[in-house]
$ cat protein06.cif   # mmCIF, C-alpha atoms and all ligand atoms
data_work
loop_
_atom_site.label_atom_id
_atom_site.label_comp_id
_atom_site.auth_asym_id
_atom_site.auth_seq_id
_atom_site.Cartn_x
_atom_site.Cartn_y
_atom_site.Cartn_z
CA ARG A 265 -11.49 176.87 -30.89
CA GLY A 266 -11.59 174.20 -28.18
CA HIS A 267 -13.23 175.00 -24.87
CA ASP A 268 -11.20 176.58 -22.09
CA VAL A 269 -8.20 177.57 -24.19
CA ALA A 270 -6.59 180.52 -22.40
CA PRO A 271 -6.97 183.85 -24.23
CA ALA A 272 -3.18 184.27 -24.20
CA VAL A 273 -2.85 180.98 -26.09
CA GLU A 274 -5.45 182.14 -28.63
CA THR A 275 -3.41 185.32 -29.06
CA THR A 276 -0.20 183.37 -29.67
CA ALA A 277 -2.01 181.15 -32.21
CA ASP A 278 -3.35 184.22 -34.02
CA GLU A 279 0.10 185.81 -34.06
CA ILE A 280 1.65 182.68 -35.56
CA ALA A 281 -1.09 182.50 -38.22
CA ALA A 282 -0.60 186.19 -39.06
CA MET A 283 3.22 185.75 -39.13
CA GLU A 284 3.77 188.27 -36.36
CA ILE A 285 5.53 185.34 -34.75
CA ARG A 286 7.38 183.58 -37.58
CA GLY A 287 10.36 181.42 -38.46
CA ALA A 288 10.38 177.79 -37.43
CA ALA A 289 12.46 178.06 -34.24
CA THR A 290 10.64 181.15 -32.99
CA ILE A 291 7.28 179.48 -33.61
CA ALA A 292 8.38 176.41 -31.62
CA ASP A 293 9.56 178.58 -28.75
CA ALA A 294 6.31 180.56 -28.68
CA ALA A 295 4.25 177.35 -28.79
CA ALA A 296 6.08 175.86 -25.80
CA GLU A 297 5.68 179.12 -23.90
CA ALA A 298 1.96 179.15 -24.72
CA LEU A 299 1.49 175.63 -23.31
CA ALA A 300 3.20 176.74 -20.10
CA ILE A 301 0.86 179.73 -19.91
CA GLN A 302 -2.12 177.46 -20.51
CA ALA A 303 -0.94 175.27 -17.63
CA GLN A 304 -0.43 178.23 -15.32
CA ARG A 305 -3.78 179.85 -16.08
CA SER A 306 -5.87 176.67 -16.21
CA ASP A 307 -8.94 176.75 -13.98
CA ALA A 308 -9.40 172.98 -14.23
CA ASP A 309 -10.30 171.34 -10.95
CA ARG A 310 -9.65 167.78 -12.08
CA PRO A 311 -6.65 166.16 -13.76
CA ASP A 312 -8.65 164.91 -16.77
CA ALA A 313 -10.07 168.40 -17.37
CA PHE A 314 -6.56 169.87 -17.13
CA GLU A 315 -5.23 167.38 -19.68
CA ARG A 316 -8.13 168.11 -22.03
CA GLN A 317 -7.39 171.83 -21.85
CA LEU A 318 -3.72 171.30 -22.61
CA ARG A 319 -4.57 169.17 -25.64
CA ALA A 320 -7.09 171.76 -26.85
CA ALA A 321 -4.45 174.48 -26.49
CA ALA A 322 -1.96 172.33 -28.42
CA LYS A 323 -4.54 171.78 -31.16
CA ALA A 324 -5.19 175.51 -31.50
CA LEU A 325 -1.45 176.10 -31.87
CA TYR A 326 -1.00 173.11 -34.21
CA GLU A 327 -3.62 174.37 -36.65
CA THR A 328 -1.97 177.73 -37.31
CA ARG A 329 0.59 176.90 -40.03
CA PRO A 330 1.31 173.49 -41.57
CA THR A 331 4.90 173.43 -42.83
CA ALA A 332 7.35 174.01 -39.96
CA VAL A 333 7.59 170.68 -38.12
CA SER A 334 9.27 172.41 -35.20
CA LEU A 335 5.73 173.37 -34.14
CA PRO A 336 4.27 169.84 -33.72
CA ASN A 337 7.66 168.63 -32.46
CA ALA A 338 7.53 171.28 -29.72
CA LEU A 339 3.92 170.45 -28.78
CA ARG A 340 4.69 166.72 -28.73
CA TYR A 341 7.75 167.23 -26.55
CA VAL A 342 6.00 169.38 -23.97
CA LEU A 343 2.86 167.20 -23.78
CA ALA A 344 4.98 164.06 -23.43
CA GLY A 345 6.20 165.51 -20.14
CA MET A 346 2.70 165.92 -18.70
CA ASP A 347 2.74 163.79 -15.58
CA GLY A 348 1.13 163.66 -12.13
CA GLU A 349 -2.02 162.65 -10.23
CA THR A 350 -3.12 166.13 -9.25
CA VAL A 351 -3.72 169.33 -11.17
CA ALA A 352 -0.87 170.99 -9.26
CA LYS A 353 1.56 168.26 -10.27
CA LEU A 354 0.39 168.24 -13.87
CA ARG A 355 0.76 172.00 -14.00
CA ALA A 356 4.30 171.88 -12.62
CA SER A 357 5.27 169.12 -15.06
CA ILE A 358 4.16 171.16 -18.09
CA VAL A 359 5.81 174.36 -16.88
CA ASP A 360 9.09 172.50 -16.22
CA ARG A 361 9.01 170.65 -19.50
CA ALA A 362 8.26 173.80 -21.53
CA GLY A 363 11.10 175.59 -19.78
CA GLU A 364 13.45 172.72 -20.52
CA PHE A 365 12.38 172.71 -24.17
CA ARG A 366 13.02 176.43 -24.55
CA ARG A 367 16.43 176.23 -22.89
CA ASP A 368 17.40 173.29 -25.13
CA LEU A 369 16.26 175.23 -28.18
CA ASP A 370 18.57 178.11 -27.27
CA ARG A 371 21.46 175.82 -26.50
CA ALA A 372 21.01 173.84 -29.73
CA GLN A 373 20.99 177.01 -31.75
CA SER A 374 24.21 178.35 -30.32
CA LYS A 375 25.84 174.94 -30.66
CA LEU A 376 24.91 174.62 -34.33
CA GLY A 377 26.09 178.20 -34.76
CA SER A 378 29.62 177.26 -33.79
CA VAL A 379 29.52 174.23 -36.11
CA GLY A 380 28.34 176.40 -39.00
CA ALA A 381 30.95 179.07 -38.26
CA ASN A 382 33.69 176.48 -38.80
CA ARG A 383 32.67 176.38 -42.46
CA LEU A 384 33.42 180.09 -42.93
CA ARG A 385 36.80 181.70 -43.65
CA ASP A 386 38.08 185.26 -43.54
CA GLY A 387 36.85 187.22 -46.55
CA ASP A 388 33.95 184.85 -47.34
CA VAL A 389 30.80 186.23 -48.90
CA VAL A 390 27.60 184.49 -47.83
CA MET A 391 24.31 184.65 -49.71
CA THR A 392 21.16 184.29 -47.60
CA HIS A 393 17.47 183.76 -48.31
CA CYS A 394 14.58 184.72 -46.01
CA HIS A 395 15.28 185.12 -42.28
CA SER A 396 16.50 182.12 -40.33
CA THR A 397 17.70 182.38 -36.74
CA ASP A 398 19.56 179.08 -37.18
CA ALA A 399 21.42 180.43 -40.22
CA LEU A 400 22.11 183.70 -38.43
CA ALA A 401 23.51 181.81 -35.43
CA CYS A 402 26.28 180.54 -37.74
CA LEU A 403 27.09 184.04 -38.92
CA GLU A 404 26.98 185.41 -35.37
CA ALA A 405 29.41 182.75 -34.17
CA ALA A 406 31.73 183.56 -37.09
CA VAL A 407 31.65 187.25 -36.21
CA GLU A 408 32.39 186.40 -32.57
CA ASP A 409 35.35 184.29 -33.73
CA GLY A 410 36.64 187.39 -35.49
CA THR A 411 36.05 185.97 -38.99
CA GLU A 412 35.53 188.75 -41.51
CA ILE A 413 32.49 187.97 -43.60
CA GLU A 414 30.16 189.81 -45.94
CA ALA A 415 26.57 189.05 -46.81
CA ILE A 416 24.47 189.23 -49.94
CA VAL A 417 20.89 189.18 -48.73
CA LYS A 418 17.98 188.24 -50.99
CA GLU A 419 15.00 190.39 -50.13
CA THR A 420 12.63 187.37 -50.29
CA ARG A 421 9.33 188.29 -51.88
CA PRO A 422 6.52 188.60 -51.00
CA ARG A 423 7.07 189.25 -47.26
CA MET A 424 10.61 190.68 -47.44
CA GLN A 425 12.05 188.73 -44.51
CA GLY A 426 15.45 189.50 -46.05
CA HIS A 427 15.13 192.93 -44.48
CA ILE A 428 15.09 191.35 -41.01
CA THR A 429 18.24 189.40 -41.90
CA ALA A 430 19.91 192.57 -43.21
CA GLY A 431 19.07 194.48 -40.03
CA GLN A 432 20.43 191.75 -37.77
CA LEU A 433 23.66 191.39 -39.75
CA ARG A 434 24.26 195.14 -39.77
CA GLU A 435 23.79 195.14 -35.99
CA TRP A 436 26.68 192.68 -35.82
CA GLY A 437 28.74 194.90 -38.13
CA VAL A 438 28.58 192.62 -41.18
CA PRO A 439 28.61 194.50 -44.51
CA VAL A 440 25.32 193.73 -46.31
CA THR A 441 24.22 194.03 -49.92
CA VAL A 442 20.49 193.56 -50.45
CA ILE A 443 19.42 192.23 -53.85
CA VAL A 444 16.10 191.36 -55.49
CA ASP A 445 15.43 187.65 -55.64
CA GLY A 446 15.85 187.60 -59.40
CA ALA A 447 19.45 188.84 -59.08
CA ALA A 448 20.64 185.73 -57.25
CA ARG A 449 22.45 184.10 -60.18
CA ARG A 450 24.32 187.24 -61.10
CA TYR A 451 25.55 187.72 -57.52
CA LEU A 452 26.45 184.09 -56.96
CA ASP A 453 29.64 184.90 -58.90
CA ARG A 454 30.68 186.84 -55.81
CA ALA A 455 29.44 184.36 -53.21
CA ASP A 456 31.46 181.68 -51.43
CA HIS A 457 28.47 180.12 -49.65
CA VAL A 458 24.73 179.93 -49.75
CA LEU A 459 23.41 179.65 -46.20
CA VAL A 460 19.73 179.06 -45.45
CA GLY A 461 17.55 177.65 -42.69
CA ALA A 462 14.81 175.03 -42.83
CA ASP A 463 11.20 174.66 -41.77
CA SER A 464 11.33 170.90 -42.14
CA ILE A 465 13.80 168.28 -43.27
CA ALA A 466 12.45 165.07 -44.75
CA ALA A 467 13.87 161.60 -44.20
CA ASP A 468 15.48 161.56 -47.68
CA GLY A 469 17.36 164.76 -46.84
CA SER A 470 15.06 167.10 -48.79
CA VAL A 471 14.98 170.57 -47.28
CA ILE A 472 11.70 172.44 -47.00
CA ASN A 473 12.32 176.17 -46.65
CA LYS A 474 11.04 179.54 -47.86
CA ILE A 475 9.86 179.57 -51.48
CA GLY A 476 12.85 180.29 -53.71
CA THR A 477 15.32 178.18 -51.74
CA SER A 478 15.25 175.33 -54.28
CA GLY A 479 15.87 177.65 -57.22
CA LEU A 480 18.73 179.28 -55.33
CA ALA A 481 20.25 175.88 -54.55
CA VAL A 482 20.10 174.78 -58.20
CA LEU A 483 21.76 178.04 -59.30
CA ALA A 484 24.40 177.67 -56.61
CA ARG A 485 25.22 174.16 -57.85
CA GLU A 486 25.55 175.49 -61.39
CA ARG A 487 27.91 178.17 -60.09
CA GLY A 488 29.84 175.76 -57.86
CA VAL A 489 28.85 177.54 -54.65
CA PRO A 490 28.27 175.19 -51.69
CA VAL A 491 24.84 175.22 -50.04
CA THR A 492 24.67 174.95 -46.26
CA VAL A 493 21.40 174.38 -44.42
CA ALA A 494 21.41 175.39 -40.75
CA ALA A 495 18.74 173.42 -38.91
CA GLN A 496 18.37 172.25 -35.34
CA THR A 497 17.10 168.71 -35.04
CA ILE A 498 13.58 169.89 -34.13
CA LYS A 499 13.37 170.65 -37.87
CA LEU A 500 13.56 166.93 -38.65
CA HIS A 501 10.13 165.76 -39.79
CA PRO A 502 9.52 162.33 -38.20
CA ASP A 503 6.35 161.56 -40.23
CA THR A 504 8.43 161.46 -43.41
CA MET A 505 10.10 158.27 -42.14
CA THR A 506 6.80 156.47 -42.76
CA GLY A 507 6.13 157.92 -46.19
CA HIS A 508 4.20 161.07 -45.34
CA THR A 509 5.00 164.21 -47.29
CA VAL A 510 5.35 167.70 -45.86
CA GLU A 511 2.42 170.03 -46.48
CA ILE A 512 3.41 173.25 -48.21
CA GLU A 513 1.52 176.21 -46.84
CA ARG A 514 -0.38 178.33 -49.37
CA ARG A 515 -0.94 181.87 -48.25
CA ASP A 516 -3.33 184.59 -49.37
CA GLU A 517 -2.75 185.49 -53.02
CA ARG A 518 -3.09 189.17 -52.09
CA GLU A 519 0.42 188.95 -50.60
CA VAL A 520 1.54 188.54 -54.24
CA LEU A 521 -1.05 190.61 -56.04
CA ASP A 522 -2.82 193.18 -53.86
CA GLU A 523 -5.94 195.13 -54.81
CA GLU A 524 -3.94 198.02 -56.18
CA ALA A 525 -1.72 195.86 -58.41
CA ARG A 526 -4.74 193.93 -59.60
CA ALA A 527 -6.55 197.15 -60.47
CA ALA A 528 -3.50 198.40 -62.38
CA ILE A 529 -3.34 195.18 -64.41
CA THR A 530 -7.02 194.99 -65.26
CA ASP A 531 -7.40 198.76 -65.70
CA GLY A 532 -11.18 198.57 -65.46
CA VAL A 533 -11.50 196.54 -68.68
CA ASP A 534 -14.46 194.14 -68.54
CA GLY A 535 -13.66 190.45 -68.06
CA VAL A 536 -9.90 190.96 -67.61
CA ASP A 537 -10.10 190.35 -63.86
CA ASP A 538 -11.87 186.96 -64.18
CA GLY A 539 -8.96 184.91 -65.50
CA LEU A 540 -6.33 186.63 -63.39
CA THR A 541 -5.08 184.66 -60.42
CA ALA A 542 -1.95 184.66 -58.32
CA GLU A 543 -0.50 181.74 -56.38
CA ASN A 544 1.42 182.03 -53.15
CA PRO A 545 3.07 178.85 -51.88
CA ALA A 546 5.18 179.88 -48.89
CA PHE A 547 7.77 177.08 -49.12
CA ASP A 548 9.44 174.74 -51.58
CA VAL A 549 11.41 171.50 -51.52
CA THR A 550 15.13 171.38 -52.27
CA PRO A 551 16.23 167.85 -53.21
CA PRO A 552 19.19 166.55 -51.20
CA ARG A 553 21.52 166.48 -54.22
CA TYR A 554 21.62 170.29 -54.19
CA VAL A 555 22.54 170.51 -50.52
CA ASP A 556 26.17 170.15 -49.39
CA ALA A 557 25.69 170.02 -45.64
CA ILE A 558 23.01 170.16 -42.99
CA VAL A 559 24.41 171.82 -39.89
CA THR A 560 22.77 170.74 -36.62
CA GLU A 561 23.60 170.90 -32.92
CA HIS A 562 25.00 167.36 -33.34
CA GLY A 563 27.46 168.39 -36.04
CA GLN A 564 27.17 168.60 -39.80
CA PHE A 565 25.67 165.88 -41.98
CA PRO A 566 25.42 165.13 -45.68
CA PRO A 567 21.65 165.34 -46.33
CA GLU A 568 21.44 161.69 -47.41
CA THR A 569 22.51 160.51 -43.93
CA ILE A 570 20.08 162.60 -41.91
CA VAL A 571 17.58 159.74 -41.59
CA THR A 572 19.96 157.97 -39.21
CA LEU A 573 19.87 160.92 -36.85
CA MET A 574 16.10 161.16 -37.29
CA ARG A 575 15.60 157.53 -36.22
CA GLU A 576 17.89 157.96 -33.26
CA LEU A 577 16.09 161.06 -31.99
CA PHE A 578 12.46 160.26 -32.80
CA GLY A 579 12.17 156.46 -32.94
CA GLU A 580 9.69 154.98 -35.40
CA THR A 581 6.29 156.03 -34.06
CA VAL A 582 4.90 159.51 -34.00
CA ASP A 583 1.82 160.37 -31.95
CA GLU A 584 -0.57 163.30 -32.27
CA PRO A 585 -1.33 164.12 -28.65
CA TRP A 586 -3.52 167.10 -29.63
CA GLU A 587 -5.99 164.70 -31.29
CA LEU A 588 -6.56 162.45 -28.27
C1 LIG A 601 10.74 181.35 -42.49
C2 LIG A 601 11.75 180.45 -43.12
C3 LIG A 601 13.02 180.21 -42.36
C4 LIG A 601 12.84 178.94 -41.51
C5 LIG A 601 14.00 178.75 -40.53
O1 LIG A 601 9.50 181.37 -43.18
O2 LIG A 601 11.55 179.88 -44.18
O3 LIG A 601 14.09 180.02 -43.22
O4 LIG A 601 11.64 179.00 -40.77
O5 LIG A 601 14.00 179.78 -39.57
P1 LIG A 601 8.30 182.29 -42.61
P2 LIG A 601 14.69 179.54 -38.13
O6 LIG A 601 8.80 183.69 -42.59
O7 LIG A 601 7.19 182.06 -43.61
O8 LIG A 601 7.94 181.76 -41.24
O9 LIG A 601 16.08 179.14 -38.41
O10 LIG A 601 14.58 180.85 -37.42
O11 LIG A 601 13.92 178.45 -37.46
#

$ encode --input "protein06.cif" --output "structure tokens"
Amino acid sequence: RGHDVAPAVETTADEIAAMEIRGAATIADAAAEALAIQAQRSDADRPDAFERQLRAAAKALYETRPTAVSLPNALRYVLAGMDGETVAKLRASIVDRAGEFRRDLDRAQSKLGSVGANRLRDGDVVMTHCHSTDALACLEAAVEDGTEIEAIVKETRPRMQGHITAGQLREWGVPVTVIVDGAARRYLDRADHVLVGADSIAADGSVINKIGTSGLAVLARERGVPVTVAAQTIKLHPDTMTGHTVEIERRDEREVLDEEARAAITDGVDGVDDGLTAENPAFDVTPPRYVDAIVTEHGQFPPETIVTLMRELFGETVDEPWEL
């Protein structure tokens, strides 16, 4: 990695890549914190060297996982605040800006939570996919309002983030039923809402989220169950305004088919292993027509109108300050 990146930043980058730090909002928070740490620990004696180190740190963080736009949005936001003629001033500007970003992130999440909670009524059953802190903020706000809800939680192969969702909901006293992903259609008969998060939202209102979200949304439409996407505006992907598409991360196929499973399939028979592959895309794209509402800290939006908010918040040009 780039010269002079603080070891603590390298550690954060490794933890994001290994999914020890995961989920779009949590990744953004950790990235902003890492830039602040880089600023604090920098041994640069000149402003230009300090700036180079910050950009190298941002690049190391940027290159960990490609799909959640909250990561580059966080890096861009913090680096845009880098200002001053001395190393001390530059350092203070980054630390302040990162702190501001992290406070805003928290505030946005609780604000969108209260918007999302308004969509829920006493007795509602909510089906979830993966683990999204934005989606959970809606359920937490509902619980705090005294709304009685229940959850059907998809386990979410291959990494089982549904278990994290189940644990959090039980902590808040919400009754939880865990199901295998393949049981979604059967249990949609009992669901009043599908509620998921997002890693990125494209300018046309497409929602990029954990693999399986698009299938769930199509099934929910067939069953007449409304689909709500809880996503702070740092999930809006500004590059998509100029025609770029969102890269879908592909993870190690052993998450799907590990050595043991592979051995069981091939059973030592010659040649069987050669033509056996697994694929492991981590995310998929749900077209806007399957999404009823995107809930943000600025209120809820039909997906087709999200581009207006995107333009307002990001303008037309998007820089890549880690490449300078
Ligand atoms: C996590 C995932 C989450 C979004 C939103 O995928 O798809 O739904 O990141 O999460 P992974 P949040 O486990 O591969 O990171 O609302 O917390 O930002």

$ closest_atom_pairs --input "protein06.cif" --of "chain A" --to "ligand LIG 601 (chain A)" --cutoff "6 Å" --atoms "all atoms listed in the file" --output "CSV"
residue,atom,partner,partner_atom,distance
A:Arg286,CA,A:LIG601,O8,4.1
A:Gly287,CA,A:LIG601,O4,3.6
A:Ala288,CA,A:LIG601,O11,3.6
A:Ala289,CA,A:LIG601,O11,3.6
A:Thr290,CA,A:LIG601,O10,5.9
A:Cys394,CA,A:LIG601,O3,5.5
A:His395,CA,A:LIG601,O3,5.3
A:Ser396,CA,A:LIG601,O5,3.5
A:Thr397,CA,A:LIG601,O10,3.5
A:Asp398,CA,A:LIG601,O9,3.7
A:Ala399,CA,A:LIG601,O9,5.8
A:Gly461,CA,A:LIG601,O3,4.2
A:Ala462,CA,A:LIG601,C5,4.4
A:Asp463,CA,A:LIG601,O4,4.5
A:Asn473,CA,A:LIG601,O2,4.5
A:Lys474,CA,A:LIG601,O2,3.7

$ residues_around --input "protein06.cif" --residues "Ala352 (chain A)" --least-positions-apart "2" --cutoff "10 Å" --atoms "only C-alpha atoms" --output "number ranges by chain"
A: 303-304, 309-311, 314, 348-350, 354-357

$ residues_around --input "protein06.cif" --residues "region 418-422 of chain A" --least-positions-apart "6" --cutoff "8 Å" --atoms "only C-alpha atoms" --output "VMD selection string"
chain A and resid 391 to 394 442 to 445 448 476 519 to 520

$ closest_residue --input "protein06.cif" --among "A:Ile472, A:Asp388, A:Gly507, A:Glu486" --to "Asp456 (chain A)" --atoms "all atoms listed in the file"
A:Asp388

$ atom_distance --input "protein06.cif" --atom1 "CA of Gly488 (chain A)" --atom2 "CA of Gly446 (chain A)"
18.4 Å

$ closest_residue --input "protein06.cif" --among "A:Ile570, A:Val438, A:Ala296, A:Leu325" --to "Arg366 (chain A)" --atoms "all atoms listed in the file"
A:Ala296

$ closest_residue --input "protein06.cif" --among "A:Arg367, A:Leu299, A:Ala313, A:Ala484" --to "Pro271 (chain A)" --atoms "all atoms listed in the file"
A:Leu299

$ residues_around --input "protein06.cif" --residues "Glu284 (chain A)" --least-positions-apart "5" --cutoff "12 Å" --atoms "all atoms listed in the file" --output "PyMOL selection string"
chain A and resi 275-279+290-291+294+423+425

$ atom_distance --input "protein06.cif" --atom1 "CA of Ile280 (chain A)" --atom2 "CA of Gly437 (chain A)"
29.8 Å

$ atom_distance --input "protein06.cif" --atom1 "CA of Val582 (chain A)" --atom2 "CA of Ile498 (chain A)"
13.5 Å

$ closest_residue --input "protein06.cif" --among "A:Pro567, A:Gly532, A:Pro502, A:Gly410" --to "Gly469 (chain A)" --atoms "all atoms listed in the file"
A:Pro567

$ closest_residue --input "protein06.cif" --among "A:Ile428, A:Val269, A:Leu483, A:Val389" --to "Arg450 (chain A)" --atoms "all atoms listed in the file"
A:Leu483

$ residues_around --input "protein06.cif" --residues "Leu400 (chain A)" --least-positions-apart "3" --cutoff "9 Å" --atoms "only C-alpha atoms" --output "ChimeraX atom specification"
/A:377,395-397,403-405,429,432-433,459-461,494

$ residues_around --input "protein06.cif" --residues "Asp556 (chain A)" --least-positions-apart "3" --cutoff "8 Å" --atoms "only C-alpha atoms" --output "PyMOL selection string"
chain A and resi 490-492+553+566-567

$ closest_residue --input "protein06.cif" --among "A:Thr441, A:Asn382, A:Gln564, A:Thr506" --to "Ala415 (chain A)" --atoms "only C-alpha atoms"
A:Thr441

$ build_atoms --input "protein06.cif" --residues "region 372-385 of chain A" --atoms "N, CA and C atoms" --output "mmCIF file, in the frame of the given file"
data_model
loop_
_atom_site.group_PDB
_atom_site.id
_atom_site.type_symbol
_atom_site.label_atom_id
_atom_site.label_comp_id
_atom_site.auth_asym_id
_atom_site.auth_seq_id
_atom_site.Cartn_x
_atom_site.Cartn_y
_atom_site.Cartn_z
ATOM 1 N N ALA A 372 20.795 174.501 -28.437
ATOM 2 C CA ALA A 372 21.010 173.840 -29.730
ATOM 3 C C ALA A 372 21.380 174.862 -30.781
ATOM 4 N N GLN A 373 20.711 176.000 -30.738
ATOM 5 C CA GLN A 373 20.990 177.010 -31.750
ATOM 6 C C GLN A 373 22.411 177.553 -31.618
ATOM 7 N N SER A 374 22.849 177.804 -30.399
ATOM 8 C CA SER A 374 24.210 178.350 -30.320
ATOM 9 C C SER A 374 25.253 177.265 -30.628
ATOM 10 N N LYS A 375 24.918 176.023 -30.315
ATOM 11 C CA LYS A 375 25.840 174.940 -30.660
ATOM 12 C C LYS A 375 25.962 174.766 -32.178
ATOM 13 N N LEU A 376 24.831 174.765 -32.867
ATOM 14 C CA LEU A 376 24.910 174.620 -34.330
ATOM 15 C C LEU A 376 25.579 175.837 -34.940
ATOM 16 N N GLY A 377 25.430 176.991 -34.276
ATOM 17 C CA GLY A 377 26.090 178.200 -34.760
ATOM 18 C C GLY A 377 27.595 178.028 -34.814
ATOM 19 N N SER A 378 28.157 177.413 -33.780
ATOM 20 C CA SER A 378 29.620 177.260 -33.790
ATOM 21 C C SER A 378 30.064 176.202 -34.793
ATOM 22 N N VAL A 379 29.205 175.206 -35.054
ATOM 23 C CA VAL A 379 29.520 174.230 -36.110
ATOM 24 C C VAL A 379 29.514 174.937 -37.471
ATOM 25 N N GLY A 380 28.459 175.705 -37.716
ATOM 26 C CA GLY A 380 28.340 176.400 -39.000
ATOM 27 C C GLY A 380 29.465 177.400 -39.221
ATOM 28 N N ALA A 381 29.881 178.057 -38.144
ATOM 29 C CA ALA A 381 30.950 179.070 -38.260
ATOM 30 C C ALA A 381 32.257 178.441 -38.709
ATOM 31 N N ASN A 382 32.455 177.171 -38.372
ATOM 32 C CA ASN A 382 33.690 176.480 -38.800
ATOM 33 C C ASN A 382 33.791 176.353 -40.314
ATOM 34 N N ARG A 383 32.665 176.486 -40.998
ATOM 35 C CA ARG A 383 32.670 176.380 -42.460
ATOM 36 C C ARG A 383 33.080 177.699 -43.125
ATOM 37 N N LEU A 384 33.176 178.758 -42.351
ATOM 38 C CA LEU A 384 33.420 180.090 -42.930
ATOM 39 C C LEU A 384 34.857 180.538 -42.704
ATOM 40 N N ARG A 385 35.409 181.211 -43.720
ATOM 41 C CA ARG A 385 36.800 181.700 -43.650
ATOM 42 C C ARG A 385 36.804 183.216 -43.800
#
